[in-house]
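Worksheet: one structure, shown below.
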Amino acid sequence: MASVEMNGKTFEIDEDGFLLDYKSFSEEWVEYVRQQEGIEELNDEHKQVVKILQDYYEKNGIAPMVRVLSKLTKFKLKHIYELFPSGPGKGACKMAGLPKPTGCV
């Protein structure tokens, strides 16, 4: 089991860098993933995607499929990839503190 640290907080992660415990999500985690993903600055759209992912996960126990995420955010899939260059599964779900989505490579 690996761990990373950001601003004095330690996070346990899996082999793909996803949080092992959703409850350990914090602003420090968001900042860590932002840096890892090469996102210069988070804006309200990033935060909206993260919030929608978390709400969906809390209700359904899984991350939404990308088309569902696009519908919920009202963002075109291309725009979600612009916000999260490594993709909605890898980048956005990771930032939201969700486990690695099924089918995510």
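We name chains A, B, ... following the order of the structure tokens; residues begin at 1 in each chain, and ligands are numbered from 1 as shown.
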Closest atom pairs, residues of region 38-104 of chain A within 12 Å of region 4-27 of chain A, only C-alpha atoms, as a Markdown table:
| residue | atom | partner | partner_atom | distance |
| --- | --- | --- | --- | --- |
| A:Leu42 | CA | A:Glu27 | CA | 11.5 |
| A:Lys47 | CA | A:Glu27 | CA | 11.0 |
| A:Val50 | CA | A:Phe25 | CA | 11.2 |
| A:Lys51 | CA | A:Phe25 | CA | 11.9 |
| A:Gln54 | CA | A:Tyr22 | CA | 9.4 |
| A:Tyr57 | CA | A:Tyr22 | CA | 10.0 |
| A:Glu58 | CA | A:Tyr22 | CA | 9.9 |
| A:Gly61 | CA | A:Tyr22 | CA | 11.0 |
| A:Ile62 | CA | A:Tyr22 | CA | 11.7 |
| A:Gly89 | CA | A:Phe18 | CA | 10.8 |
| A:Lys90 | CA | A:Phe18 | CA | 8.6 |
| A:Gly91 | CA | A:Phe18 | CA | 9.6 |
| A:Ala92 | CA | A:Phe18 | CA | 10.8 |
| A:Cys93 | CA | A:Phe18 | CA | 8.4 |
| A:Lys94 | CA | A:Phe18 | CA | 5.5 |
| A:Met95 | CA | A:Phe18 | CA | 8.4 |
| A:Ala96 | CA | A:Phe25 | CA | 7.4 |
| A:Gly97 | CA | A:Tyr22 | CA | 5.4 |
| A:Leu98 | CA | A:Tyr22 | CA | 5.9 |
| A:Pro99 | CA | A:Phe18 | CA | 5.9 |
| A:Lys100 | CA | A:Phe18 | CA | 6.2 |
| A:Pro101 | CA | A:Phe18 | CA | 9.8 |
| A:Cys104 | CA | A:Asp16 | CA | 10.4 |
Dump N, CA and C atoms for the selected residues as a CSV table (one decimal), in the first residue's frame?
chain,number,residue,atom,x,y,z
A,42,LEU,N,-7.7,25.5,-10.7
A,42,LEU,CA,-9.0,24.9,-10.7
A,42,LEU,C,-10.0,26.1,-10.8
A,47,LYS,N,-14.7,22.2,-10.1
A,47,LYS,CA,-15.4,22.0,-8.8
A,47,LYS,C,-16.8,21.4,-9.0
A,50,VAL,N,-16.4,17.7,-9.9
A,50,VAL,CA,-16.1,16.9,-8.7
A,50,VAL,C,-17.3,16.8,-7.8
A,51,LYS,N,-18.1,17.8,-7.6
A,51,LYS,CA,-19.2,17.7,-6.7
A,51,LYS,C,-20.3,16.8,-7.3
A,54,GLN,N,-19.1,13.2,-6.8
A,54,GLN,CA,-19.3,12.8,-5.4
A,54,GLN,C,-20.8,12.5,-5.1
A,57,TYR,N,-21.8,9.3,-6.7
A,57,TYR,CA,-21.1,8.2,-6.0
A,57,TYR,C,-21.8,7.9,-4.7
A,58,GLU,N,-22.2,8.9,-3.9
A,58,GLU,CA,-22.8,8.7,-2.6
A,58,GLU,C,-24.2,8.1,-2.8
A,61,GLY,N,-23.1,4.4,-5.3
A,61,GLY,CA,-22.0,3.5,-4.9
A,61,GLY,C,-21.0,3.3,-6.0
A,62,ILE,N,-21.1,3.9,-7.2
A,62,ILE,CA,-20.2,3.9,-8.3
A,62,ILE,C,-20.1,5.2,-9.0
A,89,GLY,N,-12.6,9.6,-16.1
A,89,GLY,CA,-12.5,8.4,-15.2
A,89,GLY,C,-11.2,8.6,-14.4
A,90,LYS,N,-10.1,8.8,-15.1
A,90,LYS,CA,-8.8,8.8,-14.4
A,90,LYS,C,-8.7,10.2,-13.6
A,91,GLY,N,-8.8,11.3,-14.3
A,91,GLY,CA,-8.5,12.6,-13.6
A,91,GLY,C,-9.6,13.1,-12.7
A,92,ALA,N,-10.8,13.1,-13.2
A,92,ALA,CA,-11.9,13.7,-12.5
A,92,ALA,C,-12.3,12.8,-11.3
A,93,CYS,N,-12.4,11.5,-11.5
A,93,CYS,CA,-12.8,10.6,-10.4
A,93,CYS,C,-11.7,10.6,-9.4
A,94,LYS,N,-10.5,10.6,-9.8
A,94,LYS,CA,-9.4,10.6,-8.9
A,94,LYS,C,-9.5,11.9,-8.0
A,95,MET,N,-9.7,13.0,-8.6
A,95,MET,CA,-9.8,14.3,-7.9
A,95,MET,C,-10.9,14.3,-6.9
A,96,ALA,N,-12.0,13.6,-7.3
A,96,ALA,CA,-13.2,13.6,-6.5
A,96,ALA,C,-13.1,12.6,-5.3
A,97,GLY,N,-11.9,11.8,-5.3
A,97,GLY,CA,-11.7,10.9,-4.2
A,97,GLY,C,-12.4,9.6,-4.4
A,98,LEU,N,-12.9,9.3,-5.6
A,98,LEU,CA,-13.6,8.1,-5.8
A,98,LEU,C,-12.7,6.9,-6.1
A,99,PRO,N,-13.1,5.7,-6.0
A,99,PRO,CA,-12.3,4.6,-6.4
A,99,PRO,C,-12.1,4.6,-7.9
A,100,LYS,N,-11.1,3.9,-8.4
A,100,LYS,CA,-10.9,3.8,-9.9
A,100,LYS,C,-12.2,3.2,-10.5
A,101,PRO,N,-12.8,3.9,-11.5
A,101,PRO,CA,-14.0,3.3,-12.1
A,101,PRO,C,-13.7,2.0,-12.9
A,104,CYS,N,-11.9,1.7,-16.4
A,104,CYS,CA,-10.9,2.7,-16.6
A,104,CYS,C,-9.5,2.1,-16.8
Mind the document's chain letters and residue numbers, and return as JSON, numbers by chain the residues of chain A that DSSP labels helix (DSSP H, G or I). {"A": [22, 23, 24, 27, 28, 29, 30, 31, 32, 33, 34, 35, 36, 37, 44, 45, 46, 47, 48, 49, 50, 51, 52, 53, 54, 55, 56, 57, 58, 59, 60, 66, 67, 68, 69, 70, 71, 72, 73, 77, 78, 79, 80, 81, 82, 83, 88, 89, 90, 91, 92, 93, 94, 95]}
Write the residues of the selection above to a file with N, CA and C atoms, as a short mmCIF file (atom, residue, chain, number, x, y, z; two decimals), in the first residue's frame.
data_model
loop_
_atom_site.label_atom_id
_atom_site.label_comp_id
_atom_site.auth_asym_id
_atom_site.auth_seq_id
_atom_site.Cartn_x
_atom_site.Cartn_y
_atom_site.Cartn_z
N TYR A 22 -12.53 6.90 0.53
CA TYR A 22 -13.25 8.09 0.06
C TYR A 22 -13.41 9.13 1.17
N LYS A 23 -13.53 8.66 2.41
CA LYS A 23 -13.75 9.58 3.53
C LYS A 23 -12.52 10.44 3.83
N SER A 24 -11.37 10.09 3.28
CA SER A 24 -10.18 10.92 3.52
C SER A 24 -10.05 12.05 2.50
N GLU A 27 -9.39 19.10 0.74
CA GLU A 27 -8.83 20.10 -0.18
C GLU A 27 -7.37 19.80 -0.50
N GLU A 28 -6.65 19.23 0.47
CA GLU A 28 -5.26 18.85 0.22
C GLU A 28 -5.18 17.78 -0.86
N TRP A 29 -6.15 16.85 -0.84
CA TRP A 29 -6.19 15.82 -1.88
C TRP A 29 -6.43 16.46 -3.25
N VAL A 30 -7.37 17.38 -3.31
CA VAL A 30 -7.67 18.07 -4.57
C VAL A 30 -6.42 18.77 -5.09
N GLU A 31 -5.70 19.43 -4.21
CA GLU A 31 -4.48 20.13 -4.61
C GLU A 31 -3.42 19.13 -5.10
N TYR A 32 -3.29 18.01 -4.43
CA TYR A 32 -2.34 16.98 -4.87
C TYR A 32 -2.67 16.50 -6.28
N VAL A 33 -3.94 16.15 -6.51
CA VAL A 33 -4.34 15.64 -7.83
C VAL A 33 -4.20 16.74 -8.88
N ARG A 34 -4.54 17.96 -8.54
CA ARG A 34 -4.40 19.08 -9.48
C ARG A 34 -2.96 19.14 -9.99
N GLN A 35 -2.02 19.04 -9.08
CA GLN A 35 -0.61 19.09 -9.47
C GLN A 35 -0.22 17.87 -10.31
N GLN A 36 -0.69 16.70 -9.90
CA GLN A 36 -0.37 15.47 -10.63
C GLN A 36 -0.94 15.48 -12.05
N GLU A 37 -2.11 16.08 -12.19
CA GLU A 37 -2.78 16.13 -13.49
C GLU A 37 -2.26 17.27 -14.38
N ASP A 44 -14.49 27.01 -11.34
CA ASP A 44 -15.80 26.53 -10.87
C ASP A 44 -16.28 25.30 -11.63
N GLU A 45 -15.88 25.17 -12.89
CA GLU A 45 -16.29 23.99 -13.67
C GLU A 45 -15.62 22.72 -13.14
N HIS A 46 -14.35 22.81 -12.78
CA HIS A 46 -13.68 21.66 -12.16
C HIS A 46 -14.43 21.26 -10.90
N LYS A 47 -14.72 22.25 -10.07
CA LYS A 47 -15.39 21.99 -8.79
C LYS A 47 -16.77 21.41 -8.99
N GLN A 48 -17.46 21.87 -10.04
CA GLN A 48 -18.80 21.35 -10.34
C GLN A 48 -18.73 19.87 -10.72
N VAL A 49 -17.77 19.52 -11.56
CA VAL A 49 -17.62 18.12 -11.97
C VAL A 49 -17.32 17.25 -10.74
N VAL A 50 -16.42 17.70 -9.88
CA VAL A 50 -16.06 16.94 -8.68
C VAL A 50 -17.29 16.75 -7.79
N LYS A 51 -18.05 17.80 -7.58
CA LYS A 51 -19.24 17.74 -6.72
C LYS A 51 -20.28 16.78 -7.30
N ILE A 52 -20.52 16.85 -8.59
CA ILE A 52 -21.50 15.97 -9.24
C ILE A 52 -21.04 14.52 -9.15
N LEU A 53 -19.75 14.27 -9.35
CA LEU A 53 -19.23 12.91 -9.22
C LEU A 53 -19.43 12.38 -7.80
N GLN A 54 -19.14 13.21 -6.82
CA GLN A 54 -19.29 12.78 -5.43
C GLN A 54 -20.75 12.52 -5.08
N ASP A 55 -21.63 13.41 -5.51
CA ASP A 55 -23.07 13.22 -5.24
C ASP A 55 -23.57 11.91 -5.86
N TYR A 56 -23.19 11.66 -7.10
CA TYR A 56 -23.60 10.45 -7.80
C TYR A 56 -23.06 9.22 -7.07
N TYR A 57 -21.78 9.27 -6.71
CA TYR A 57 -21.15 8.15 -6.02
C TYR A 57 -21.84 7.87 -4.68
N GLU A 58 -22.15 8.90 -3.94
CA GLU A 58 -22.80 8.73 -2.63
C GLU A 58 -24.20 8.12 -2.77
N LYS A 59 -24.88 8.42 -3.86
CA LYS A 59 -26.23 7.87 -4.08
C LYS A 59 -26.19 6.47 -4.68
N ASN A 60 -25.21 6.19 -5.53
CA ASN A 60 -25.21 4.95 -6.32
C ASN A 60 -24.07 3.98 -6.01
N VAL A 66 -19.30 8.06 -18.50
CA VAL A 66 -18.94 9.38 -19.01
C VAL A 66 -20.11 10.10 -19.67
N ARG A 67 -20.94 9.38 -20.37
CA ARG A 67 -22.10 10.03 -21.01
C ARG A 67 -23.08 10.56 -19.96
N VAL A 68 -23.24 9.83 -18.87
CA VAL A 68 -24.10 10.28 -17.78
C VAL A 68 -23.48 11.52 -17.13
N LEU A 69 -22.17 11.50 -16.92
CA LEU A 69 -21.49 12.66 -16.35
C LEU A 69 -21.68 13.88 -17.24
N SER A 70 -21.58 13.69 -18.53
CA SER A 70 -21.77 14.79 -19.48
C SER A 70 -23.19 15.35 -19.37
N LYS A 71 -24.16 14.46 -19.25
CA LYS A 71 -25.55 14.90 -19.12
C LYS A 71 -25.78 15.64 -17.80
N LEU A 72 -25.23 15.10 -16.71
CA LEU A 72 -25.43 15.73 -15.40
C LEU A 72 -24.76 17.10 -15.29
N THR A 73 -23.58 17.24 -15.89
CA THR A 73 -22.86 18.51 -15.82
C THR A 73 -23.33 19.50 -16.88
N LEU A 77 -18.61 16.21 -23.70
CA LEU A 77 -17.54 15.31 -23.30
C LEU A 77 -16.18 15.91 -23.62
N LYS A 78 -16.07 16.57 -24.75
CA LYS A 78 -14.80 17.21 -25.14
C LYS A 78 -14.37 18.22 -24.08
N HIS A 79 -15.32 18.97 -23.54
CA HIS A 79 -15.00 19.98 -22.53
C HIS A 79 -14.52 19.33 -21.23
N ILE A 80 -15.12 18.21 -20.86
CA ILE A 80 -14.68 17.50 -19.65
C ILE A 80 -13.23 17.05 -19.82
N TYR A 81 -12.87 16.60 -21.02
CA TYR A 81 -11.48 16.22 -21.29
C TYR A 81 -10.56 17.44 -21.28
N GLU A 82 -11.07 18.60 -21.65
CA GLU A 82 -10.27 19.82 -21.56
C GLU A 82 -10.01 20.18 -20.09
N LEU A 83 -11.02 19.99 -19.25
CA LEU A 83 -10.88 20.28 -17.83
C LEU A 83 -9.94 19.28 -17.15
N PRO A 88 -12.23 11.85 -17.73
CA PRO A 88 -13.19 11.90 -16.62
C PRO A 88 -13.03 10.75 -15.65
N GLY A 89 -12.63 9.58 -16.15
CA GLY A 89 -12.45 8.44 -15.25
C GLY A 89 -11.20 8.57 -14.42
N LYS A 90 -10.10 8.80 -15.08
CA LYS A 90 -8.84 8.85 -14.36
C LYS A 90 -8.66 10.16 -13.60
N GLY A 91 -8.78 11.28 -14.26
CA GLY A 91 -8.51 12.56 -13.62
C GLY A 91 -9.62 13.07 -12.71
N ALA A 92 -10.83 13.13 -13.25
CA ALA A 92 -11.94 13.71 -12.48
C ALA A 92 -12.33 12.82 -11.31
N CYS A 93 -12.44 11.52 -11.53
CA CYS A 93 -12.81 10.61 -10.43
C CYS A 93 -11.72 10.57 -9.37
N LYS A 94 -10.48 10.62 -9.81
CA LYS A 94 -9.38 10.64 -8.85
C LYS A 94 -9.45 11.90 -8.00
N MET A 95 -9.67 13.04 -8.64
CA MET A 95 -9.76 14.30 -7.89
C MET A 95 -10.94 14.29 -6.92
#
Report as a VMD selection string: the residues of chain A with a DSSP assignment of strand (DSSP E), based on the backbone of this structure. chain A and resid 2 to 6 9 to 13
Expected file: the selected residues, N, CA and C atoms, as a PDB file, in the first residue's frame:
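Saved to again-v8.pdb:
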ATOM      1  N   ALA A   2       0.625   2.151  -0.903  1.00  0.00           N
ATOM      2  CA  ALA A   2       1.420   3.365  -1.029  1.00  0.00           C
ATOM      3  C   ALA A   2       0.704   4.525  -0.346  1.00  0.00           C
ATOM      4  N   SER A   3       1.475   5.564  -0.104  1.00  0.00           N
ATOM      5  CA  SER A   3       0.878   6.775   0.455  1.00  0.00           C
ATOM      6  C   SER A   3       1.567   7.989  -0.157  1.00  0.00           C
ATOM      7  N   VAL A   4       0.838   9.096  -0.157  1.00  0.00           N
ATOM      8  CA  VAL A   4       1.382  10.374  -0.624  1.00  0.00           C
ATOM      9  C   VAL A   4       1.053  11.418   0.426  1.00  0.00           C
ATOM     10  N   GLU A   5       1.823  12.497   0.405  1.00  0.00           N
ATOM     11  CA  GLU A   5       1.589  13.565   1.373  1.00  0.00           C
ATOM     12  C   GLU A   5       1.417  14.889   0.645  1.00  0.00           C
ATOM     13  N   MET A   6       0.509  15.706   1.161  1.00  0.00           N
ATOM     14  CA  MET A   6       0.297  17.038   0.598  1.00  0.00           C
ATOM     15  C   MET A   6      -0.048  17.978   1.735  1.00  0.00           C
ATOM     16  N   LYS A   9      -0.779  16.427   5.131  1.00  0.00           N
ATOM     17  CA  LYS A   9      -1.765  15.337   5.210  1.00  0.00           C
ATOM     18  C   LYS A   9      -1.265  14.155   4.399  1.00  0.00           C
ATOM     19  N   THR A  10      -1.441  12.961   4.941  1.00  0.00           N
ATOM     20  CA  THR A  10      -1.023  11.743   4.263  1.00  0.00           C
ATOM     21  C   THR A  10      -2.253  10.997   3.760  1.00  0.00           C
ATOM     22  N   PHE A  11      -2.158  10.508   2.533  1.00  0.00           N
ATOM     23  CA  PHE A  11      -3.258   9.793   1.892  1.00  0.00           C
ATOM     24  C   PHE A  11      -2.790   8.420   1.453  1.00  0.00           C
ATOM     25  N   GLU A  12      -3.568   7.398   1.797  1.00  0.00           N
ATOM     26  CA  GLU A  12      -3.299   6.035   1.336  1.00  0.00           C
ATOM     27  C   GLU A  12      -3.920   5.893  -0.054  1.00  0.00           C
ATOM     28  N   ILE A  13      -3.115   5.397  -0.997  1.00  0.00           N
ATOM     29  CA  ILE A  13      -3.586   5.277  -2.383  1.00  0.00           C
ATOM     30  C   ILE A  13      -3.353   3.864  -2.907  1.00  0.00           C
TER      31      ILE A  13
END
